[in-house]
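This report concerns only the one structure given below.
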Amino acid sequence: MKISARNQFKGTVTAVHPGAVNSEVVLDIGGGDSIVATVTNGSLTAMRMAVGKEVIAMAKASSVLLMTDGQGYVLSARNILRGVVTEVTLGAVNGEVSVQLGGGAMAHAMVTHEAIASLGLEKGQPVMAVIKASSVMLAVPA
Amino acid sequence: MKISARNQFKGTVTAVHPGAVNSEVVLDIGGGDSIVATVTNGSLTAMRMAVGKEVIAMAKASSVLLMTDGQGYVLSARNILRGVVTEVTLGAVNGEVSVQLGGGAMAHAMVTHEAIASLGLEKGQPVMAVIKASSVMLAVPA
Amino acid sequence: MKISARNQFKGTVTAVHPGAVNSEVVLDIGGGDSIVATVTNGSLTAMRMAVGKEVIAMAKASSVLLMTDGQGYVLSARNILRGVVTEVTLGAVNGEVSVQLGGGAMAHAMVTHEAIASLGLEKGQPVMAVIKASSVMLAVPA
């Protein structure tokens with residue numbers, strides 16, 4: 001599969017929580033990290049989703065937030081992945097920040113200059129990559 | 001909390017509409033503006049969400065649309081916030097547009113050059129910031 | 001309507017699948033292409049959504065993924081539109097890729113340089129524009 005999603009995590013389905021229109025799929029992506037994705041039931045059926053299935057979870061860099069301090073707050077985002085910044089590439093108004101997660105996988109976030117400055121994002125900085133379950137897309141072998 | 005979300009609105013929960021997998025949370029962010037967010041039920045429980053609770057609603061600049069004329073149309077987006085452009089920062093293919101809302105809060109949108117040109121976005125231009133409920137993330141004090 | 005959404009597709013509703021909080025709306029956008037959008041039930045009511053209704057489906061360029069090879073995989077994204085790249089505009093960290101769909105409509109995706117390089121995106125390249133149903137916004141005449 002060749003697709004533009006900057007974030008691609010291989011994982012195994014550990015739970016499927018069905019709803020009326022959307023369902024929630026939970027994956028173990030290794031290294032103690034898990035990913036939650038919300039997908040439509042139409043997709044769930046087409047993908048024959050089930051516990052134990054191997055899937056690829058994908059998210060665009062533009063849908064990833066970065067957090068350096070979440071102390072004292074609970075977030076609605078289901079995916080909060082701890083890591084360390086490995087690279088910051090600055091553009092004119094945006095920058096791409098690459099983060100190595102605890103389990104070894106890489107996450108990439110496209111954030112504004114403003115955010116890079118105010119969070120002090122630079123190589124070596126511990127950071128959390130925050131991704132809403134609804135921003136995650138899944139792919140399974142046919 | 002230090003997080004890269006360019007849009008952060010403090011508000012108070014005025015309604016919670018539960019669904020099977022997702023629920024809808026409505027906030028009053030002051031100045032007559034309200035924000036609707038769709039979050040998973042897992043988050044709702046973890047956040048002990050309830051009417052009267054103080055929350056921070058967050059949205060990435062890349063998930064905000066700008067509209068200068070909605071005459072004659074009804075949109076599916078639940079959040080349509082009126083304001084005035086205060087700044088336009090141009091990048092190579094994108095630009096960041098800052099908007100002061102009626103209630104005083106600031107909204108920030110990352111849109112293409114094409115959109116900035118075709119909508120004639122410049123300082124002083126009245127504009128509506130449009131945000132899908134599913135693009136809004138919530139944070140509550142632990 | 002003047003709005004910053006880079007992707008705007010005119011279509012006719014062919015199905016509405018209601019859920020508890022969100023519903024799924026399916027549109028025929030011509031040329032054999034269809035678009036699926038997930039919207040909240042509040043919006044559905046406000047828009048008086050029904051089969052046969054004419055709507056405009058909108059998506060930000062930043063929410064569109066591009067895929068050159070999906071062989072052997074099933075994706076959770078409900079919208080996979082085949083087309084050909086007509087233009088690539090490079091920025092500092094992102095680039096905008098324009099795609100002419102089979103039915104004649106244009107799709108626009110904002111993707112990273114990395115993706116443009118690794119997928120070999122250039123004029124004339126066949127490509128699929130991939131859009132999650134939750135990234136699509138709808139507008140209907142009032």
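Identifiers for the structure tokens are assigned positionally: chains receive A, B, ... in sequence, residues are indexed from 1 per chain, and ligands are indexed from 1 in the order shown.
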Please report as a list of chain:residue names which residues of chain A come no farther than 7 Å from chain B, using only C-alpha atoms. A:Gly19, A:Ala20, A:Asn22, A:Ser23, A:Ser62, A:Leu65, A:Leu66, A:Met67, A:Thr68, A:Asp69, A:Gly70, A:Gln71, A:Gly72, A:Tyr73, A:Val74, A:Leu75, A:Ser76, A:Ala77, A:Arg78, A:Ala92, A:Val93, A:Val111, A:Ala115, A:Leu119
Superposition of chain A onto chain B by least squares over all sequentially paired C-alpha atoms; the transformed chain is requested as a PDB file with C-alpha atoms, in the first residue's frame.
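Below is the file part-v2.pdb, written as the result:
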```
ATOM      1  CA  MET A   1      -1.554  22.364  30.045  1.00  0.00           C
ATOM      2  CA  LYS A   2       0.832  23.034  27.153  1.00  0.00           C
ATOM      3  CA  ILE A   3      -0.555  21.698  23.892  1.00  0.00           C
ATOM      4  CA  SER A   4      -0.136  22.634  20.225  1.00  0.00           C
ATOM      5  CA  ALA A   5      -3.874  23.222  19.550  1.00  0.00           C
ATOM      6  CA  ARG A   6      -3.959  26.726  18.060  1.00  0.00           C
ATOM      7  CA  ASN A   7      -7.580  27.224  19.126  1.00  0.00           C
ATOM      8  CA  GLN A   8      -8.378  26.981  22.808  1.00  0.00           C
ATOM      9  CA  PHE A   9     -11.724  28.155  24.151  1.00  0.00           C
ATOM     10  CA  LYS A  10     -12.643  28.134  27.855  1.00  0.00           C
ATOM     11  CA  GLY A  11     -16.275  27.265  28.444  1.00  0.00           C
ATOM     12  CA  THR A  12     -18.935  25.758  30.656  1.00  0.00           C
ATOM     13  CA  VAL A  13     -20.928  22.649  29.687  1.00  0.00           C
ATOM     14  CA  THR A  14     -24.586  23.491  29.032  1.00  0.00           C
ATOM     15  CA  ALA A  15     -25.731  20.113  27.631  1.00  0.00           C
ATOM     16  CA  VAL A  16     -24.577  16.521  27.104  1.00  0.00           C
ATOM     17  CA  HIS A  17     -26.412  14.388  24.509  1.00  0.00           C
ATOM     18  CA  PRO A  18     -25.356  10.742  24.893  1.00  0.00           C
ATOM     19  CA  GLY A  19     -25.196   8.280  21.974  1.00  0.00           C
ATOM     20  CA  ALA A  20     -24.139   4.643  21.587  1.00  0.00           C
ATOM     21  CA  VAL A  21     -20.431   5.255  20.864  1.00  0.00           C
ATOM     22  CA  ASN A  22     -20.124   9.049  20.663  1.00  0.00           C
ATOM     23  CA  SER A  23     -21.779  11.813  22.645  1.00  0.00           C
ATOM     24  CA  GLU A  24     -22.300  15.473  21.934  1.00  0.00           C
ATOM     25  CA  VAL A  25     -21.173  18.089  24.434  1.00  0.00           C
ATOM     26  CA  VAL A  26     -22.352  21.726  24.190  1.00  0.00           C
ATOM     27  CA  LEU A  27     -20.349  24.547  25.825  1.00  0.00           C
ATOM     28  CA  ASP A  28     -21.013  28.208  26.439  1.00  0.00           C
ATOM     29  CA  ILE A  29     -17.714  29.988  25.670  1.00  0.00           C
ATOM     30  CA  GLY A  30     -19.005  33.457  26.577  1.00  0.00           C
ATOM     31  CA  GLY A  31     -20.022  36.484  24.529  1.00  0.00           C
ATOM     32  CA  GLY A  32     -23.034  34.582  23.211  1.00  0.00           C
ATOM     33  CA  ASP A  33     -20.862  31.973  21.446  1.00  0.00           C
ATOM     34  CA  SER A  34     -21.213  28.247  21.990  1.00  0.00           C
ATOM     35  CA  ILE A  35     -19.164  25.253  20.862  1.00  0.00           C
ATOM     36  CA  VAL A  36     -20.411  21.737  20.136  1.00  0.00           C
ATOM     37  CA  ALA A  37     -17.959  18.812  20.406  1.00  0.00           C
ATOM     38  CA  THR A  38     -18.436  15.138  19.582  1.00  0.00           C
ATOM     39  CA  VAL A  39     -16.402  12.876  21.864  1.00  0.00           C
ATOM     40  CA  THR A  40     -16.358   9.133  22.455  1.00  0.00           C
ATOM     41  CA  ASN A  41     -18.285   7.798  25.436  1.00  0.00           C
ATOM     42  CA  GLY A  42     -15.032   6.406  26.824  1.00  0.00           C
ATOM     43  CA  SER A  43     -13.778   9.993  27.071  1.00  0.00           C
ATOM     44  CA  LEU A  44     -17.045  11.237  28.511  1.00  0.00           C
ATOM     45  CA  THR A  45     -16.745   8.799  31.411  1.00  0.00           C
ATOM     46  CA  ALA A  46     -13.039   9.476  31.949  1.00  0.00           C
ATOM     47  CA  MET A  47     -13.768  13.211  32.044  1.00  0.00           C
ATOM     48  CA  ARG A  48     -16.823  12.842  34.349  1.00  0.00           C
ATOM     49  CA  MET A  49     -18.547  15.225  31.950  1.00  0.00           C
ATOM     50  CA  ALA A  50     -21.633  16.983  33.325  1.00  0.00           C
ATOM     51  CA  VAL A  51     -23.615  20.176  32.878  1.00  0.00           C
ATOM     52  CA  GLY A  52     -21.887  23.059  34.650  1.00  0.00           C
ATOM     53  CA  LYS A  53     -18.396  21.569  34.310  1.00  0.00           C
ATOM     54  CA  GLU A  54     -15.633  23.931  33.177  1.00  0.00           C
ATOM     55  CA  VAL A  55     -13.821  22.667  30.112  1.00  0.00           C
ATOM     56  CA  ILE A  56     -11.346  23.804  27.462  1.00  0.00           C
ATOM     57  CA  ALA A  57     -12.424  23.164  23.869  1.00  0.00           C
ATOM     58  CA  MET A  58      -9.516  22.806  21.418  1.00  0.00           C
ATOM     59  CA  ALA A  59      -9.244  22.631  17.650  1.00  0.00           C
ATOM     60  CA  LYS A  60      -6.249  22.593  15.327  1.00  0.00           C
ATOM     61  CA  ALA A  61      -5.966  25.592  12.970  1.00  0.00           C
ATOM     62  CA  SER A  62      -6.022  23.109  10.073  1.00  0.00           C
ATOM     63  CA  SER A  63      -9.536  21.952  11.019  1.00  0.00           C
ATOM     64  CA  VAL A  64     -11.073  25.433  10.907  1.00  0.00           C
ATOM     65  CA  LEU A  65     -12.786  26.692   7.730  1.00  0.00           C
ATOM     66  CA  LEU A  66     -13.589  30.307   7.010  1.00  0.00           C
ATOM     67  CA  MET A  67     -16.791  31.518   5.358  1.00  0.00           C
ATOM     68  CA  THR A  68     -17.540  35.064   4.213  1.00  0.00           C
ATOM     69  CA  ASP A  69     -20.993  34.370   2.797  1.00  0.00           C
ATOM     70  CA  GLY A  70     -23.307  31.563   3.894  1.00  0.00           C
ATOM     71  CA  GLN A  71     -26.469  33.276   2.591  1.00  0.00           C
ATOM     72  CA  GLY A  72     -29.105  30.781   1.487  1.00  0.00           C
ATOM     73  CA  TYR A  73     -27.327  27.691   2.829  1.00  0.00           C
ATOM     74  CA  VAL A  74     -27.559  25.479   5.906  1.00  0.00           C
ATOM     75  CA  LEU A  75     -24.274  23.804   6.896  1.00  0.00           C
ATOM     76  CA  SER A  76     -23.782  20.469   8.657  1.00  0.00           C
ATOM     77  CA  ALA A  77     -20.936  21.953  10.724  1.00  0.00           C
ATOM     78  CA  ARG A  78     -22.258  22.638  14.219  1.00  0.00           C
ATOM     79  CA  ASN A  79     -19.869  25.469  15.036  1.00  0.00           C
ATOM     80  CA  ILE A  80     -20.213  28.720  13.083  1.00  0.00           C
ATOM     81  CA  LEU A  81     -18.578  31.587  14.966  1.00  0.00           C
ATOM     82  CA  ARG A  82     -18.811  35.196  13.749  1.00  0.00           C
ATOM     83  CA  GLY A  83     -15.782  37.443  13.920  1.00  0.00           C
ATOM     84  CA  VAL A  84     -13.429  39.815  12.157  1.00  0.00           C
ATOM     85  CA  VAL A  85     -10.041  38.997  10.592  1.00  0.00           C
ATOM     86  CA  THR A  86      -7.212  40.527  12.644  1.00  0.00           C
ATOM     87  CA  GLU A  87      -4.186  39.048  10.855  1.00  0.00           C
ATOM     88  CA  VAL A  88      -3.231  37.051   7.772  1.00  0.00           C
ATOM     89  CA  THR A  89       0.180  35.328   7.728  1.00  0.00           C
ATOM     90  CA  LEU A  90       1.085  33.900   4.341  1.00  0.00           C
ATOM     91  CA  GLY A  91       3.210  30.801   3.865  1.00  0.00           C
ATOM     92  CA  ALA A  92       4.174  29.110   0.593  1.00  0.00           C
ATOM     93  CA  VAL A  93       0.946  27.152  -0.001  1.00  0.00           C
ATOM     94  CA  ASN A  94      -1.013  27.844   3.204  1.00  0.00           C
ATOM     95  CA  GLY A  95      -1.747  30.888   5.269  1.00  0.00           C
ATOM     96  CA  GLU A  96      -2.845  31.359   8.853  1.00  0.00           C
ATOM     97  CA  VAL A  97      -5.810  33.655   9.407  1.00  0.00           C
ATOM     98  CA  SER A  98      -6.593  34.972  12.898  1.00  0.00           C
ATOM     99  CA  VAL A  99     -10.145  35.970  13.724  1.00  0.00           C
ATOM    100  CA  GLN A 100     -11.465  37.862  16.738  1.00  0.00           C
ATOM    101  CA  LEU A 101     -14.850  36.436  17.685  1.00  0.00           C
ATOM    102  CA  GLY A 102     -17.795  38.514  18.875  1.00  0.00           C
ATOM    103  CA  GLY A 103     -17.281  37.364  22.458  1.00  0.00           C
ATOM    104  CA  GLY A 104     -13.610  38.396  22.398  1.00  0.00           C
ATOM    105  CA  ALA A 105     -11.981  34.971  21.960  1.00  0.00           C
ATOM    106  CA  MET A 106      -9.551  34.394  19.074  1.00  0.00           C
ATOM    107  CA  ALA A 107      -9.925  31.691  16.407  1.00  0.00           C
ATOM    108  CA  HIS A 108      -7.131  30.678  14.045  1.00  0.00           C
ATOM    109  CA  ALA A 109      -7.540  28.913  10.691  1.00  0.00           C
ATOM    110  CA  MET A 110      -4.945  27.392   8.393  1.00  0.00           C
ATOM    111  CA  VAL A 111      -6.326  27.684   4.855  1.00  0.00           C
ATOM    112  CA  THR A 112      -4.879  27.568   1.352  1.00  0.00           C
ATOM    113  CA  HIS A 113      -3.633  30.641  -0.546  1.00  0.00           C
ATOM    114  CA  GLU A 114      -6.402  29.948  -2.999  1.00  0.00           C
ATOM    115  CA  ALA A 115      -9.022  30.387  -0.275  1.00  0.00           C
ATOM    116  CA  ILE A 116      -7.399  33.557   1.107  1.00  0.00           C
ATOM    117  CA  ALA A 117      -7.475  35.091  -2.372  1.00  0.00           C
ATOM    118  CA  SER A 118     -10.940  33.954  -3.417  1.00  0.00           C
ATOM    119  CA  LEU A 119     -12.563  35.031  -0.134  1.00  0.00           C
ATOM    120  CA  GLY A 120     -10.582  38.290  -0.075  1.00  0.00           C
ATOM    121  CA  LEU A 121      -9.420  37.611   3.477  1.00  0.00           C
ATOM    122  CA  GLU A 122      -7.629  40.601   4.978  1.00  0.00           C
ATOM    123  CA  LYS A 123      -7.539  42.566   8.217  1.00  0.00           C
ATOM    124  CA  GLY A 124     -10.959  43.974   9.094  1.00  0.00           C
ATOM    125  CA  GLN A 125     -12.962  41.528   6.952  1.00  0.00           C
ATOM    126  CA  PRO A 126     -16.022  40.062   8.725  1.00  0.00           C
ATOM    127  CA  VAL A 127     -15.856  36.256   8.550  1.00  0.00           C
ATOM    128  CA  MET A 128     -17.343  33.120  10.077  1.00  0.00           C
ATOM    129  CA  ALA A 129     -15.053  30.441  11.545  1.00  0.00           C
ATOM    130  CA  VAL A 130     -16.596  27.043  10.805  1.00  0.00           C
ATOM    131  CA  ILE A 131     -15.569  23.991  12.867  1.00  0.00           C
ATOM    132  CA  LYS A 132     -17.025  20.479  12.703  1.00  0.00           C
ATOM    133  CA  ALA A 133     -18.082  19.083  16.108  1.00  0.00           C
ATOM    134  CA  SER A 134     -15.850  16.051  15.443  1.00  0.00           C
ATOM    135  CA  SER A 135     -12.761  18.297  15.112  1.00  0.00           C
ATOM    136  CA  VAL A 136     -13.120  19.641  18.633  1.00  0.00           C
ATOM    137  CA  MET A 137     -11.192  18.075  21.508  1.00  0.00           C
ATOM    138  CA  LEU A 138     -12.048  18.735  25.153  1.00  0.00           C
ATOM    139  CA  ALA A 139      -9.919  18.980  28.285  1.00  0.00           C
ATOM    140  CA  VAL A 140     -11.158  19.155  31.872  1.00  0.00           C
ATOM    141  CA  PRO A 141      -9.253  19.651  35.123  1.00  0.00           C
ATOM    142  CA  ALA A 142      -8.525  16.210  36.647  1.00  0.00           C
TER     143      ALA A 142
END
```
Give the strand (DSSP E or B) residues of chain B, as DSSP finds them on the backbone, and put them as an MDAnalysis selection string. chainID B and resid 2:3 7:18 22:30 33:40 54:59 64:69 73:75 79:90 94:101 106:112 126:131 137:141
Run DSSP on the backbone and grab whatever in chain C lands in helix (DSSP H, G or I); send it over as a PyMOL selection string. chain C and resi 41-46+61-63+113-119+133-135
